[in-house]
Amino acid sequence: MLTRRQFIKAGIVGGAALTAAGLFYSRGLKEAPAGAVPQGLTLPGRTIIAAIVPAILAGVLPAAGEARQKAIVQTVDGVGVAIAGLSAAAQKELAELFALLGFAPARVLLAGLWPRWEEASAADIAAFLQGWRTSRLGLLRSAYAALHDLVLGAWYGMPEAWPAIGYPGPPEIL
Amino acid sequence: MRDPFLEGMGSGWEVIDASALVADRTLEVDVAIVGSGAGGGIAAEILAKAGLKVAIVEEGPLKTSTDFKLREADAYPQLYQESAARKTKDKAINVLQGRCVGGSTTVNWTSSFRTPATTLAHWQREFGLKELTVEAMSPWFDVVDRRLNIRYWDLSPNENNKLLREAAWKLGVSVAPMRRNVKGCWNLGYCGMGCPTNAKQSMLVTTIPAALGAGGLLAHHLRAERLLLQGDRVEALECRAMQPAGIHALPYRVLVRAKHFVLAAGAIGSPALLLRSGAPDPSRLLGRRTFLHPTTVSSALMDHEVRGYAGAPQTIYSDHYLDNVAVDGPIGYKLEVPPMHPVLFATTLQGYGEAHTRLMGEFANAHAMLALLRDGFHPDSPGGSVQLGDNGAPVLDYPITDFVWDGVRRSWLAMAELQFAAGAKRVYVVHEQCEGYASLDEAKAGIAQLPLKNQLARVVSAHVMGGCGMAADEKRGATDVWGRYRGLANVTVCDGSLFPTSIGANPQQSVYGLAARNASRLAEELTQRPAPALA
């Protein structure tokens, strides 16, 4: 959880971080091999979502092994598809969010995360989510809400998620 | 399963898929109709049957019963604005709106209410709409009842609805059955994903086929960008073809020339089109006073299976907290229940990780209730405004005021009380700081402490209204009592943007009734003959 002082600092650094993140974002897009990134989810976005999925879906993802990896990848793919269905303006905002979170100084200041996304522990990620969820800044709360909806929407939209919640799936109409 | 829409297309209906265009086009018609939802559909049938050549322009895709596979992952991106994730400007309210042929009528939950008498009386008093009496509107609602088979639901309510009724009976809260626009309904519970059996009498299976059968034209994947004005007349509607996925535009334009233009793009789309077009707006009313029925949610864990995903989604409601308060006093609310499907439920519920997983584990035993707040009747409830964002895309700014927040807290308490009366073991009002209450006393203490802040409290909306409000004079309304846009001689607004306040009930039949009335008058004006009967 960030303190008020850190927020004020973040506000000052935020502008510079956004500018730098914009550069990072455009570079990231150029470096991505064509076809490798699902439409709507940028490469930094993919990394970040993959790091967040296990925290949001704690207790429902397969515990370990290949099944777990597969479930995470499927969810990240689902998030990509969901983002591709958003308005152009919403897609741009999310790309900016992921660019910002992929930029180390912003990640540390705004998300309170020292380790890189790939190396952050479950506890680190959970602390970041909790911080944004209850943040004083509406912007961060709404970013949390977007991550919440994207990940949970992608997971519970998949038939693989339904047995655990006792949902039989839609009826077949012939 | 038959697909009457595909059969109709096979019989020679004129349908243009603009995503397949490879060049610009020009269409010449009598009436251009923007939007194929509740207002556009009704207007299209009446005007086409009057012998006028109509073109219906729809930004969304054409999806028919064959496409409706009842999967949220497919339905929300295909059939809803912004994949069902449309947000207000500050992202405090998630707005569900259809975007497909049939508009929201293709995906709504079939709840049918006439405009309440209290609402009409308020419009007469505050907006000078003397003509809109219960007596004057009843024949139009009767016509719509017949056309769309609106009648009381005669099967047993599903368990989710039944719990609302039982709770209300226990507490002495008034409760009533709903009317629905269905014919031969299978009671599946998937209305929000498009009706796979064509039982829902949406515009997709009623008025639009009728209009096409009468020689009308439908162009889908076609975004209405601006009205081309010449003095006080609209000369043409400039449209842009959309890519098949529907998010980004193609380079091709379609120009629709017409004698008259009917705007039925919904209460975000219609004001936005007029704003983009630079329509005259001397009293600065255009896109103002937009209402949402801000809606709060409470989930409860029952000791038995509820299976809220199965069965007609909305069949019981309570107007207790509307009818027993002054319409222009502290905000009142209507109580209903939502259909419960995994994505809708999981994304609405607060929290993440283990806590969220535990709530989802109780999915089959969960009961959920909604409170729809009746906004727009009090000076402290001015609603929101439609603005233009990047590339002219509409943005709805709807700040949640203290007046609305007060109702949010009261609605949580009322829902919790009802849910405990129905036997709930635990109640979770949808707020990030609510971890569930085990008793009514606990809920009272907890709810009193919940901070009323954007995003912490989950607020949603499925009803966008206003923005081109009717009034007797130009100081109070952008449109007159016939939906004619002041300052443009050949534009009729024909959707929920006409409402000067919210409705205080699910608005589809209010749109149908007004559209039938106004489109009939327009048909008479344009043809100099009596208008054809809708039903």
# chains A, B, ... in the order shown; residues from 1 in each chain; ligands from 1
>>> closest_atom_pairs(of="chain A", to="chain B", cutoff="7 Å", atoms="only C-alpha atoms", output="Markdown table")
| residue | atom | partner | partner_atom | distance |
| --- | --- | --- | --- | --- |
| A:Ala55 | CA | B:Gly353 | CA | 5.6 |
| A:Ile56 | CA | B:Gly353 | CA | 4.4 |
| A:Leu57 | CA | B:Gly353 | CA | 5.1 |
| A:Ala58 | CA | B:Gly353 | CA | 4.4 |
| A:Gly59 | CA | B:Glu354 | CA | 5.4 |
| A:Val60 | CA | B:Thr357 | CA | 6.3 |
| A:Gly85 | CA | B:Pro77 | CA | 5.6 |
| A:Leu86 | CA | B:Glu82 | CA | 4.6 |
| A:Ser87 | CA | B:Glu82 | CA | 5.4 |
| A:Ala88 | CA | B:Ile247 | CA | 6.7 |
| A:Ala89 | CA | B:Asp390 | CA | 7.0 |
| A:Gly138 | CA | B:Asn454 | CA | 7.0 |
| A:Arg141 | CA | B:Gln455 | CA | 6.3 |
| A:Ser142 | CA | B:Lys91 | CA | 6.3 |
| A:His148 | CA | B:Thr347 | CA | 6.9 |
| A:Asp149 | CA | B:Thr347 | CA | 4.9 |
| A:Leu152 | CA | B:Thr347 | CA | 5.9 |
| A:Gly153 | CA | B:Val343 | CA | 5.0 |
| A:Tyr156 | CA | B:Val343 | CA | 5.3 |
| A:Gly157 | CA | B:Ala73 | CA | 5.1 |
| A:Ala164 | CA | B:Gly361 | CA | 6.6 |
| A:Ile165 | CA | B:Gly361 | CA | 4.8 |
| A:Gly166 | CA | B:Ala364 | CA | 6.0 |
| A:Tyr167 | CA | B:Ala364 | CA | 6.9 |
| A:Pro170 | CA | B:Leu70 | CA | 5.9 |
| A:Leu174 | CA | B:Met1 | CA | 5.9 |
>>> write_last_selection(atoms="N, CA and C atoms", output="JSON list (two decimals), in the first residue's frame")
[["chain", "number", "residue", "atom", "x", "y", "z"],
["A", 55, "ALA", "N", -2.74, -14.42, -9.24],
["A", 55, "ALA", "CA", -3.20, -13.75, -8.01],
["A", 55, "ALA", "C", -4.72, -13.58, -8.04],
["A", 56, "ILE", "N", -5.26, -13.17, -9.17],
["A", 56, "ILE", "CA", -6.71, -12.95, -9.24],
["A", 56, "ILE", "C", -7.46, -14.28, -9.18],
["A", 57, "LEU", "N", -6.85, -15.31, -9.78],
["A", 57, "LEU", "CA", -7.53, -16.61, -9.84],
["A", 57, "LEU", "C", -7.01, -17.58, -8.78],
["A", 58, "ALA", "N", -6.45, -17.04, -7.70],
["A", 58, "ALA", "CA", -5.92, -17.92, -6.65],
["A", 58, "ALA", "C", -7.02, -18.83, -6.13],
["A", 59, "GLY", "N", -6.69, -20.10, -6.01],
["A", 59, "GLY", "CA", -7.66, -21.04, -5.46],
["A", 59, "GLY", "C", -8.51, -21.71, -6.50],
["A", 60, "VAL", "N", -8.45, -21.22, -7.73],
["A", 60, "VAL", "CA", -9.29, -21.83, -8.76],
["A", 60, "VAL", "C", -8.45, -22.34, -9.93],
["A", 85, "GLY", "N", -12.04, -6.49, -28.39],
["A", 85, "GLY", "CA", -13.45, -6.16, -28.60],
["A", 85, "GLY", "C", -13.86, -4.83, -27.97],
["A", 86, "LEU", "N", -12.90, -4.16, -27.31],
["A", 86, "LEU", "CA", -13.23, -2.86, -26.70],
["A", 86, "LEU", "C", -13.14, -1.76, -27.74],
["A", 87, "SER", "N", -13.63, -0.58, -27.39],
["A", 87, "SER", "CA", -13.54, 0.55, -28.30],
["A", 87, "SER", "C", -12.07, 0.90, -28.51],
["A", 88, "ALA", "N", -11.82, 1.59, -29.62],
["A", 88, "ALA", "CA", -10.45, 2.01, -29.92],
["A", 88, "ALA", "C", -9.90, 2.84, -28.76],
["A", 89, "ALA", "N", -10.74, 3.70, -28.17],
["A", 89, "ALA", "CA", -10.29, 4.57, -27.07],
["A", 89, "ALA", "C", -9.91, 3.74, -25.84],
["A", 138, "GLY", "N", -8.84, 7.64, -7.94],
["A", 138, "GLY", "CA", -9.84, 6.98, -8.76],
["A", 138, "GLY", "C", -9.22, 6.30, -9.96],
["A", 141, "ARG", "N", -7.93, 2.96, -8.90],
["A", 141, "ARG", "CA", -9.05, 2.05, -8.61],
["A", 141, "ARG", "C", -9.70, 1.57, -9.90],
["A", 142, "SER", "N", -9.83, 2.47, -10.87],
["A", 142, "SER", "CA", -10.48, 2.04, -12.12],
["A", 142, "SER", "C", -9.56, 1.12, -12.91],
["A", 148, "HIS", "N", -9.43, -6.63, -12.94],
["A", 148, "HIS", "CA", -10.38, -7.55, -12.30],
["A", 148, "HIS", "C", -11.35, -8.10, -13.35],
["A", 149, "ASP", "N", -11.97, -7.20, -14.09],
["A", 149, "ASP", "CA", -13.00, -7.62, -15.04],
["A", 149, "ASP", "C", -12.40, -8.42, -16.19],
["A", 152, "LEU", "N", -11.14, -12.01, -14.73],
["A", 152, "LEU", "CA", -12.25, -12.87, -14.30],
["A", 152, "LEU", "C", -13.19, -13.16, -15.47],
["A", 153, "GLY", "N", -13.38, -12.18, -16.34],
["A", 153, "GLY", "CA", -14.24, -12.40, -17.51],
["A", 153, "GLY", "C", -13.64, -13.45, -18.44],
["A", 156, "TYR", "N", -13.85, -17.06, -16.45],
["A", 156, "TYR", "CA", -15.17, -17.66, -16.28],
["A", 156, "TYR", "C", -15.96, -17.74, -17.58],
["A", 157, "GLY", "N", -15.42, -17.19, -18.66],
["A", 157, "GLY", "CA", -16.04, -17.39, -19.97],
["A", 157, "GLY", "C", -15.67, -18.73, -20.57],
["A", 164, "ALA", "N", -16.01, -26.15, -11.53],
["A", 164, "ALA", "CA", -15.67, -25.74, -10.16],
["A", 164, "ALA", "C", -16.77, -24.90, -9.51],
["A", 165, "ILE", "N", -17.63, -24.29, -10.32],
["A", 165, "ILE", "CA", -18.66, -23.44, -9.72],
["A", 165, "ILE", "C", -20.06, -24.05, -9.89],
["A", 166, "GLY", "N", -20.11, -25.27, -10.38],
["A", 166, "GLY", "CA", -21.40, -25.93, -10.49],
["A", 166, "GLY", "C", -22.29, -25.38, -11.59],
["A", 167, "TYR", "N", -21.66, -24.78, -12.60],
["A", 167, "TYR", "CA", -22.44, -24.28, -13.74],
["A", 167, "TYR", "C", -22.42, -25.33, -14.84],
["A", 170, "PRO", "N", -24.37, -23.69, -21.02],
["A", 170, "PRO", "CA", -25.65, -23.38, -21.66],
["A", 170, "PRO", "C", -26.30, -24.61, -22.26],
["A", 174, "LEU", "N", -31.25, -27.47, -30.61],
["A", 174, "LEU", "CA", -31.11, -28.11, -31.93],
["A", 174, "LEU", "C", -32.13, -27.54, -32.91]]
>>> residues_around(residues="Gly213 (chain B)", least_positions_apart="4", cutoff="12 Å", atoms="only C-alpha atoms", output="ChimeraX atom specification")
/B:4-5,7-15,44-45,48-49,51,53-54,205-209,217-218
>>> residues_around(residues="Ala120 (chain A)", least_positions_apart="4", cutoff="12 Å", atoms="only C-alpha atoms", output="list in words")
Thr47, Ile48, Ala50, Ala51, Ile52, Pro54, Ala55, Arg107, Val108, Ala111, Gly112, Leu113, Trp114, Pro115, Arg116, Asp124, Ile125, Ala126, Ala127 and Phe128 of chain A
>>> closest_residue(among="B:Arg226, B:Arg284, B:His304, B:His293", to="Gly392 (chain B)", atoms="only C-alpha atoms")
B:Arg226
>>> select_by_dssp(residues="region 59-168 of chain B", states="strand (DSSP E)", output="number ranges by chain")
B: 86-87, 93-95, 111-112, 150-152
>>> write_last_selection(atoms="N, CA and C atoms", output="PDB file, in the first residue's frame")
ATOM      1  N   ARG B  86     -18.792  -1.001 -21.649  1.00  0.00           N
ATOM      2  CA  ARG B  86     -18.852   0.450 -21.834  1.00  0.00           C
ATOM      3  C   ARG B  86     -18.877   1.109 -20.452  1.00  0.00           C
ATOM      4  N   LYS B  87     -18.111   2.191 -20.305  1.00  0.00           N
ATOM      5  CA  LYS B  87     -18.012   2.850 -19.005  1.00  0.00           C
ATOM      6  C   LYS B  87     -18.384   4.324 -19.126  1.00  0.00           C
ATOM      7  N   ILE B  93     -19.375   3.675 -13.625  1.00  0.00           N
ATOM      8  CA  ILE B  93     -20.599   2.938 -13.956  1.00  0.00           C
ATOM      9  C   ILE B  93     -20.365   2.136 -15.227  1.00  0.00           C
ATOM     10  N   ASN B  94     -20.637   0.849 -15.160  1.00  0.00           N
ATOM     11  CA  ASN B  94     -20.558  -0.001 -16.345  1.00  0.00           C
ATOM     12  C   ASN B  94     -21.937  -0.011 -17.016  1.00  0.00           C
ATOM     13  N   VAL B  95     -21.939   0.248 -18.324  1.00  0.00           N
ATOM     14  CA  VAL B  95     -23.204   0.423 -19.044  1.00  0.00           C
ATOM     15  C   VAL B  95     -23.402  -0.731 -20.025  1.00  0.00           C
ATOM     16  N   SER B 111     -38.207  -7.495 -19.974  1.00  0.00           N
ATOM     17  CA  SER B 111     -39.098  -6.886 -18.988  1.00  0.00           C
ATOM     18  C   SER B 111     -39.856  -5.728 -19.625  1.00  0.00           C
ATOM     19  N   SER B 112     -41.175  -5.769 -19.516  1.00  0.00           N
ATOM     20  CA  SER B 112     -42.012  -4.817 -20.241  1.00  0.00           C
ATOM     21  C   SER B 112     -42.904  -4.053 -19.270  1.00  0.00           C
ATOM     22  N   ILE B 150     -46.793  -8.691 -25.636  1.00  0.00           N
ATOM     23  CA  ILE B 150     -46.458  -8.369 -24.247  1.00  0.00           C
ATOM     24  C   ILE B 150     -47.611  -8.803 -23.349  1.00  0.00           C
ATOM     25  N   ARG B 151     -47.301  -9.687 -22.424  1.00  0.00           N
ATOM     26  CA  ARG B 151     -48.331 -10.172 -21.507  1.00  0.00           C
ATOM     27  C   ARG B 151     -47.671 -10.735 -20.248  1.00  0.00           C
ATOM     28  N   TYR B 152     -48.517 -10.995 -19.236  1.00  0.00           N
ATOM     29  CA  TYR B 152     -47.962 -11.533 -17.995  1.00  0.00           C
ATOM     30  C   TYR B 152     -47.350 -12.897 -18.245  1.00  0.00           C
TER      31      TYR B 152
END
>>> closest_residue(among="B:Ala20, B:Val144, B:Leu396, B:Ala168", to="Asn181 (chain B)", atoms="only C-alpha atoms")
B:Val144
>>> closest_residue(among="B:Val327, B:Met340, B:Val429, B:Ala43", to="Gly169 (chain A)", atoms="only C-alpha atoms")
B:Met340
>>> select_by_dssp(residues="region 9-223 of chain B", states="helix (DSSP H, G or I)", output="ChimeraX atom specification")
/B:9-10,18-20,38-49,65-67,72-79,81-84,104-107,117-127,134-148,159-171,191-193,207-213
>>> residues_around(residues="region 97-104 of chain B", least_positions_apart="6", cutoff="6 Å", atoms="only C-alpha atoms", output="MDAnalysis selection string")
chainID B and resid 36:37 60:62 79:81 203:204
>>> closest_residue(among="B:Asn490, B:Thr501, B:Ser19, B:Gln528", to="Pro244 (chain B)", atoms="only C-alpha atoms")
B:Ser19
>>> closest_residue(among="B:Asp319, B:Glu474, B:Asp145, B:Asp480", to="Pro116 (chain B)", atoms="only C-alpha atoms")
B:Asp319
>>> residues_around(residues="Lys444 (chain B)", least_positions_apart="5", cutoff="10 Å", atoms="only C-alpha atoms", output="PyMOL selection string")
chain B and resi 412-414+416-417+437+439+449
>>> atom_distance(atom1="CA of Trp140 (chain B)", atom2="CA of Gly513 (chain B)")
5.2 Å
